[in-house]
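In what follows, a structure is listed as structure tokens, so that the remarks can point back to it.
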Protein chains: 2
Amino acid sequence: MSLFNKVTIIGIGLIGSSLARVIKRDNLAKRVSCFDAKPQYMQKALELGIVDEIHKTVANSVTNSDLIVLATPVGAYGKIIKEIAPHLKKGTIITDVGSVKTYAVKEIEANLPPQAEVFIVPGHPVAGTEKSGPEAGFDTLFEGRWYIMTPGERSSDGAVEKISKLWSYAKMRVDSMTPEHHDKVMAAVSHLPHLIAFSIVGTVADLEGYEQKEIIKYSASGFRDFTRIAGSDPTMWRDILLNNKGTILELIQRFVEDLIALERNIRWDEGDKLFELFSRTRKIRNEVVEARQDQPETEKKLLSELQRRD
Amino acid sequence: MSLFNKVTIIGIGLIGSSLARVIKRDNLAKRVSCFDAKPQYMQKALELGIVDEIHKTVANSVTNSDLIVLATPVGAYGKIIKEIAPHLKKGTIITDVGSVKTYAVKEIEANLPPQAEVFIVPGHPVAGTEKSGPEAGFDTLFEGRWYIMTPGERSSDGAVEKISKLWSYAKMRVDSMTPEHHDKVMAAVSHLPHLIAFSIVGTVADLEGYEQKEIIKYSASGFRDFTRIAGSDPTMWRDILLNNKGTILELIQRFVEDLIALERNIRWDEGDKLFELFSRTRKIRNEVVEARQDQPETEKKLLSELQRRD
């Protein structure tokens, strides 16, 4: 028996299309409906066979759905919820995949009439690549990564269980916490690193006297890895950074402090201090490897393809 | 006919052992000799069959070599050159693989008697992973990447040609520039990014109130990629940062300026400015992809393994 009757995915980009692939692969829904602000994304998803129906309006796409997944940039949530609110079936579960949860929850709840008999189970599958669009997705994207759920007053036990099951099929490990705690942790492990990557790629690209082509040519020496992160979706990241502002601004200050201290170590030839920091960061890398979170998603995909052939 | 009679590799870590593998694979030398300050590295290299002989002293290892490759952290060059200087065969070529060239050239030249009849061809294969040691190396590490040579007064045409050939066998593309220009470009594309990664991993790991395990657990959301870079060899990076200080200190200042500007954009909700920067950095990512420098070495290795099987 399918987990859902009809699922609607709103936003069929990297995450939305990867989830659609999992749903199709494991036959988790009888029908997958889809809406995206980009008609060409929907058309492509249909061609790929990962959704069954596409719609001209988001309101039409949700008709009779028992699960609705918001997979757009979080800045679009308010408008979407307003448009779909009058068309929700009783008992529908609304979930999302956004990287900032306090703001996401607020936007969903504030724009949904209190009398709407639906369940809200916000969540964040902590996986991704820098690529966008329905062709960038793949069904093993989520494997071995964590799904963080931030259930609230409008989540029911049944809805929480169904959402847990959905992501377990995607082979994610499921965790639960408050939206506030989620945003604090993500500011450190995700938002600050992305911000720094955007910033440094901007700095290096602006340097005069270096030819642009040399920067690109020799990028394998370190710069490349930052461009990968800084190649992430601009709209999505604008929305994340503006909507988790408090913690992020505080972290930038701490980071700058540490960087200035490191600058001073270099200026005064304090090699032992550099060595000590770099040994500490190497240890942290080892912990990431031990937790099996070290492989970039694209590498993970290649590895599983290799193993499949063995 | 082999390119060399006897090659000595000093420092049999990631780069040294990868080069040894290329030399063995393509039969570029009749004998490969090796020295490393870590006896267990030499022993492992011997077991792996990538070198033919190991030695108790670096002086012994170079006897009768027509090519000597320095593949240790650059901070060790001076001492090594002093020790091997009396044992060099006439006409020997000395090369290195260091990531800072002005300092490397100075150290090699200053410690080699002017009357020594040897050729010096400094160079830098722009490839690598964060891993260390002879087991971390692989013969496709260098494929498709750039080799930068910084020839000087003590390079002969013949020596330059031989070194070019050596790295061409490793499937590198060969470039030539001054040590000063090399160090300026690398400060931007490699040294600054590494420094930032070391710094941010330190900052995030120091945050109180977050459990260390949460940082590791959710690291796939961005932090992971920084830990990879910040997992690089501490000694090597201490030596690089202290020996390309001038340009690096200047770049840190520019980076901090840009970061503070970005911080201000976030504080004042200037979403359009964020979007503009992120679109620009995404374009740079596309240029890296077009230049085919986007794949991390480990991913490149998996891909070539997959293609081999097709």
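Just remember, in the structure tokens the first chain shown is A, the second B, etc., residues are 1-based per chain, and ligands are 1-based in the order shown.
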Might you pull out every residue within 10 Å of Trp237 in chain B, with only C-alpha atoms counted and same-chain residues fewer than 6 positions away left off, and present them as a ChimeraX atom specification?
-> /A:271,274-275,278 /B:73-75,99,191,194-195,198,230,243
Would you output that residue set with N, CA and C atoms, as an mmCIF file, in the first residue's frame?
```
data_model
loop_
_atom_site.group_PDB
_atom_site.id
_atom_site.type_symbol
_atom_site.label_atom_id
_atom_site.label_comp_id
_atom_site.auth_asym_id
_atom_site.auth_seq_id
_atom_site.Cartn_x
_atom_site.Cartn_y
_atom_site.Cartn_z
ATOM 1 N N GLY A 271 54.642 30.206 14.327
ATOM 2 C CA GLY A 271 54.414 28.929 13.656
ATOM 3 C C GLY A 271 53.789 27.876 14.545
ATOM 4 N N LEU A 274 50.073 28.320 14.643
ATOM 5 C CA LEU A 274 49.458 27.857 13.398
ATOM 6 C C LEU A 274 49.354 26.331 13.428
ATOM 7 N N PHE A 275 50.472 25.711 13.781
ATOM 8 C CA PHE A 275 50.513 24.240 13.803
ATOM 9 C C PHE A 275 49.449 23.670 14.743
ATOM 10 N N PHE A 278 45.973 24.110 13.113
ATOM 11 C CA PHE A 278 45.788 23.220 11.966
ATOM 12 C C PHE A 278 45.685 21.751 12.408
ATOM 13 N N PRO B 73 57.575 19.332 3.165
ATOM 14 C CA PRO B 73 57.176 20.720 3.414
ATOM 15 C C PRO B 73 58.346 21.645 3.096
ATOM 16 N N VAL B 74 58.081 22.834 2.567
ATOM 17 C CA VAL B 74 59.161 23.720 2.115
ATOM 18 C C VAL B 74 60.099 24.145 3.240
ATOM 19 N N GLY B 75 59.600 24.149 4.463
ATOM 20 C CA GLY B 75 60.434 24.537 5.601
ATOM 21 C C GLY B 75 61.632 23.620 5.808
ATOM 22 N N SER B 99 54.471 24.572 -2.738
ATOM 23 C CA SER B 99 53.386 25.496 -3.070
ATOM 24 C C SER B 99 53.766 26.972 -2.924
ATOM 25 N N HIS B 191 46.243 29.859 -1.029
ATOM 26 C CA HIS B 191 46.642 30.126 0.357
ATOM 27 C C HIS B 191 45.523 30.801 1.151
ATOM 28 N N HIS B 194 42.689 28.295 1.928
ATOM 29 C CA HIS B 194 43.065 27.359 2.991
ATOM 30 C C HIS B 194 43.031 28.037 4.360
ATOM 31 N N LEU B 195 43.595 29.240 4.411
ATOM 32 C CA LEU B 195 43.626 29.998 5.660
ATOM 33 C C LEU B 195 42.215 30.223 6.198
ATOM 34 N N PHE B 198 40.833 26.914 7.566
ATOM 35 C CA PHE B 198 41.387 26.603 8.886
ATOM 36 C C PHE B 198 40.689 27.475 9.935
ATOM 37 N N ALA B 230 40.520 22.085 5.623
ATOM 38 C CA ALA B 230 41.188 22.318 6.910
ATOM 39 C C ALA B 230 41.771 21.035 7.485
ATOM 40 N N ASN B 243 55.724 31.577 4.730
ATOM 41 C CA ASN B 243 56.684 31.915 3.694
ATOM 42 C C ASN B 243 56.090 32.569 2.450
#
```
Residues of chain A no more than 6 Å from chain B, counting only C-alpha atoms: send them over as a PyMOL selection string.
-> chain A and resi 126+189-190+193+199+203+216+219-223+227+230-231+234+238+242+255+259+266+274-275+278-279+281-282+285+288+293+299
Would you mind exporting the chosen residues as a tab-separated table (two decimals), in the first residue's frame, restricted to N, CA, C and O atoms?
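And here's result.tsv as it stands now:
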```tsv
chain	number	residue	atom	x	y	z
A	126	VAL	N	19.03	17.46	5.48
A	126	VAL	CA	20.35	18.09	5.42
A	126	VAL	C	21.22	17.39	4.37
A	126	VAL	O	22.05	16.54	4.67
A	189	VAL	N	26.91	25.49	11.07
A	189	VAL	CA	27.44	24.44	10.18
A	189	VAL	C	27.11	24.68	8.71
A	189	VAL	O	27.70	24.06	7.84
A	190	SER	N	26.18	25.56	8.41
A	190	SER	CA	25.79	25.74	7.02
A	190	SER	C	25.78	27.20	6.56
A	190	SER	O	26.40	27.56	5.57
A	193	PRO	N	29.37	29.01	6.79
A	193	PRO	CA	30.26	28.53	5.72
A	193	PRO	C	29.84	29.00	4.31
A	193	PRO	O	30.68	29.39	3.51
A	199	SER	N	31.58	35.16	-0.04
A	199	SER	CA	32.41	36.34	0.16
A	199	SER	C	33.80	36.17	-0.44
A	199	SER	O	34.29	37.03	-1.17
A	203	THR	N	35.78	38.19	-3.36
A	203	THR	CA	37.07	38.87	-3.12
A	203	THR	C	38.10	38.47	-4.16
A	203	THR	O	38.74	39.32	-4.78
A	216	ILE	N	40.78	30.96	-12.55
A	216	ILE	CA	39.97	29.80	-12.93
A	216	ILE	C	40.89	28.59	-13.21
A	216	ILE	O	40.65	27.48	-12.73
A	219	SER	N	42.34	26.84	-10.18
A	219	SER	CA	41.38	26.79	-9.07
A	219	SER	C	41.40	25.46	-8.31
A	219	SER	O	40.93	25.39	-7.18
A	220	ALA	N	42.00	24.42	-8.91
A	220	ALA	CA	42.06	23.12	-8.23
A	220	ALA	C	42.87	23.18	-6.95
A	220	ALA	O	42.85	22.25	-6.14
A	221	SER	N	43.57	24.27	-6.73
A	221	SER	CA	44.44	24.38	-5.56
A	221	SER	C	43.72	24.85	-4.31
A	221	SER	O	44.37	25.17	-3.32
A	222	GLY	N	42.40	24.92	-4.34
A	222	GLY	CA	41.67	25.31	-3.13
A	222	GLY	C	40.44	26.15	-3.45
A	222	GLY	O	39.35	25.89	-2.96
A	223	PHE	N	40.63	27.14	-4.32
A	223	PHE	CA	39.55	28.06	-4.68
A	223	PHE	C	38.33	27.30	-5.22
A	223	PHE	O	37.19	27.63	-4.91
A	227	THR	N	34.21	27.76	-4.79
A	227	THR	CA	33.29	28.10	-5.88
A	227	THR	C	32.14	27.11	-5.93
A	227	THR	O	31.03	27.47	-6.30
A	230	ALA	N	29.83	28.39	-3.39
A	230	ALA	CA	29.36	29.71	-3.83
A	230	ALA	C	28.61	29.64	-5.15
A	230	ALA	O	28.16	30.65	-5.68
A	231	GLY	N	28.45	28.42	-5.69
A	231	GLY	CA	27.67	28.24	-6.91
A	231	GLY	C	26.22	27.88	-6.59
A	231	GLY	O	25.42	27.62	-7.48
A	234	PRO	N	21.21	31.44	-5.84
A	234	PRO	CA	21.22	32.79	-5.26
A	234	PRO	C	19.93	33.16	-4.50
A	234	PRO	O	20.00	33.73	-3.42
A	238	ARG	N	19.86	33.99	-0.58
A	238	ARG	CA	19.44	35.32	-0.13
A	238	ARG	C	18.37	35.15	0.96
A	238	ARG	O	18.45	35.74	2.04
A	242	LEU	N	18.87	36.28	4.99
A	242	LEU	CA	18.06	37.38	5.54
A	242	LEU	C	17.11	36.89	6.63
A	242	LEU	O	16.68	37.67	7.46
A	255	PHE	N	33.82	34.97	13.80
A	255	PHE	CA	34.73	34.49	12.77
A	255	PHE	C	35.81	35.53	12.47
A	255	PHE	O	37.00	35.20	12.37
A	259	LEU	N	39.83	35.19	12.74
A	259	LEU	CA	40.67	35.38	11.55
A	259	LEU	C	41.75	36.43	11.81
A	259	LEU	O	42.91	36.26	11.41
A	266	ILE	N	50.39	34.92	11.89
A	266	ILE	CA	51.22	34.87	10.68
A	266	ILE	C	52.21	36.03	10.67
A	266	ILE	O	53.40	35.86	10.45
A	274	LEU	N	50.07	28.32	14.64
A	274	LEU	CA	49.46	27.86	13.40
A	274	LEU	C	49.35	26.33	13.43
A	274	LEU	O	48.31	25.75	13.14
A	275	PHE	N	50.47	25.71	13.78
A	275	PHE	CA	50.51	24.24	13.80
A	275	PHE	C	49.45	23.67	14.74
A	275	PHE	O	48.76	22.70	14.42
A	278	PHE	N	45.97	24.11	13.11
A	278	PHE	CA	45.79	23.22	11.97
A	278	PHE	C	45.69	21.75	12.41
A	278	PHE	O	45.04	20.94	11.75
A	279	SER	N	46.34	21.41	13.52
A	279	SER	CA	46.23	20.04	14.04
A	279	SER	C	44.83	19.83	14.60
A	279	SER	O	44.24	18.76	14.46
A	281	THR	N	42.08	21.43	13.62
A	281	THR	CA	41.09	21.36	12.54
A	281	THR	C	41.19	20.03	11.80
A	281	THR	O	40.20	19.49	11.33
A	282	ARG	N	42.42	19.47	11.75
A	282	ARG	CA	42.56	18.17	11.10
A	282	ARG	C	41.83	17.09	11.90
A	282	ARG	O	41.23	16.18	11.35
A	285	ARG	N	38.26	17.23	11.08
A	285	ARG	CA	38.03	16.56	9.81
A	285	ARG	C	37.91	15.05	10.02
A	285	ARG	O	37.02	14.40	9.47
A	288	VAL	N	34.55	14.13	11.20
A	288	VAL	CA	33.56	14.18	10.12
A	288	VAL	C	33.64	12.88	9.30
A	288	VAL	O	32.62	12.30	8.93
A	293	GLN	N	30.19	11.57	7.19
A	293	GLN	CA	29.54	12.72	6.57
A	293	GLN	C	30.52	13.43	5.63
A	293	GLN	O	30.29	14.56	5.21
A	299	GLU	N	30.14	12.64	-5.01
A	299	GLU	CA	31.10	11.57	-4.83
A	299	GLU	C	30.40	10.31	-4.30
A	299	GLU	O	30.67	9.19	-4.74
```
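Summary of the local environment: counting only C-alpha atoms, residues at most 10 Å from Gly133 in chain B, other than itself and those fewer than 4 positions away along its chain, are Gly11, Ile12, Gly13, Leu14, Ile15, Gly16, Ser17, Ser18, Lys38, Gln40, Tyr41, Met42, Lys44, Ala45, Gly137 and Asp233 of chain B.
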Can you list, as a PyMOL selection string, every protein, DNA or RNA residue that comes within 9 Å of Ala85 in chain A when you count only C-alpha atoms, leaving out same-chain residues fewer than 6 positions away?
-> chain A and resi 59+111-113+116
Okay, now the selection with C-alpha atoms, as a PDB file, in the first residue's frame?
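Output file part.pdb is given in full below:
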```
ATOM      1  CA  ALA A  59      -3.938  26.295  -6.167  1.00  0.00           C
ATOM      2  CA  ASN A 111      -0.775  32.428   6.352  1.00  0.00           C
ATOM      3  CA  LEU A 112      -2.903  29.403   7.105  1.00  0.00           C
ATOM      4  CA  PRO A 113      -6.302  30.123   8.704  1.00  0.00           C
ATOM      5  CA  ALA A 116      -7.845  24.939   8.530  1.00  0.00           C
TER       6      ALA A 116
END
```
Out of A:Val100, A:Val118, A:Ile54, A:Ile80, which residue has the shortest atom-to-atom distance to Thr247 in chain A when counting only C-alpha atoms?
-> A:Val100
Quick one: DSSP strand (DSSP E) residues in range 56-287 of chain A, as an NGL selection string?
-> :A and (67-70 or 93-96 or 119-121 or 123-125 or 146-149 or 173-176)
Residue set, range 23-110 of chain A restricted to helix (DSSP H, G or I), as number ranges by chain | A: 23-25, 39-47, 58-61, 74-87, 101-110
Nearby residues (only C-alpha atoms) at most 8 Å from Glu180 in chain B, same-chain spacing under 2 positions excluded, as a list in words |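 Once the nearby chain positions are removed, what remains is Lys101, Thr102, Thr178, His182, Asp183 and Lys184 of chain B.
Put simply, CA of Lys162 in chain A is 21.9 Å away from CA of Tyr77 in chain A.
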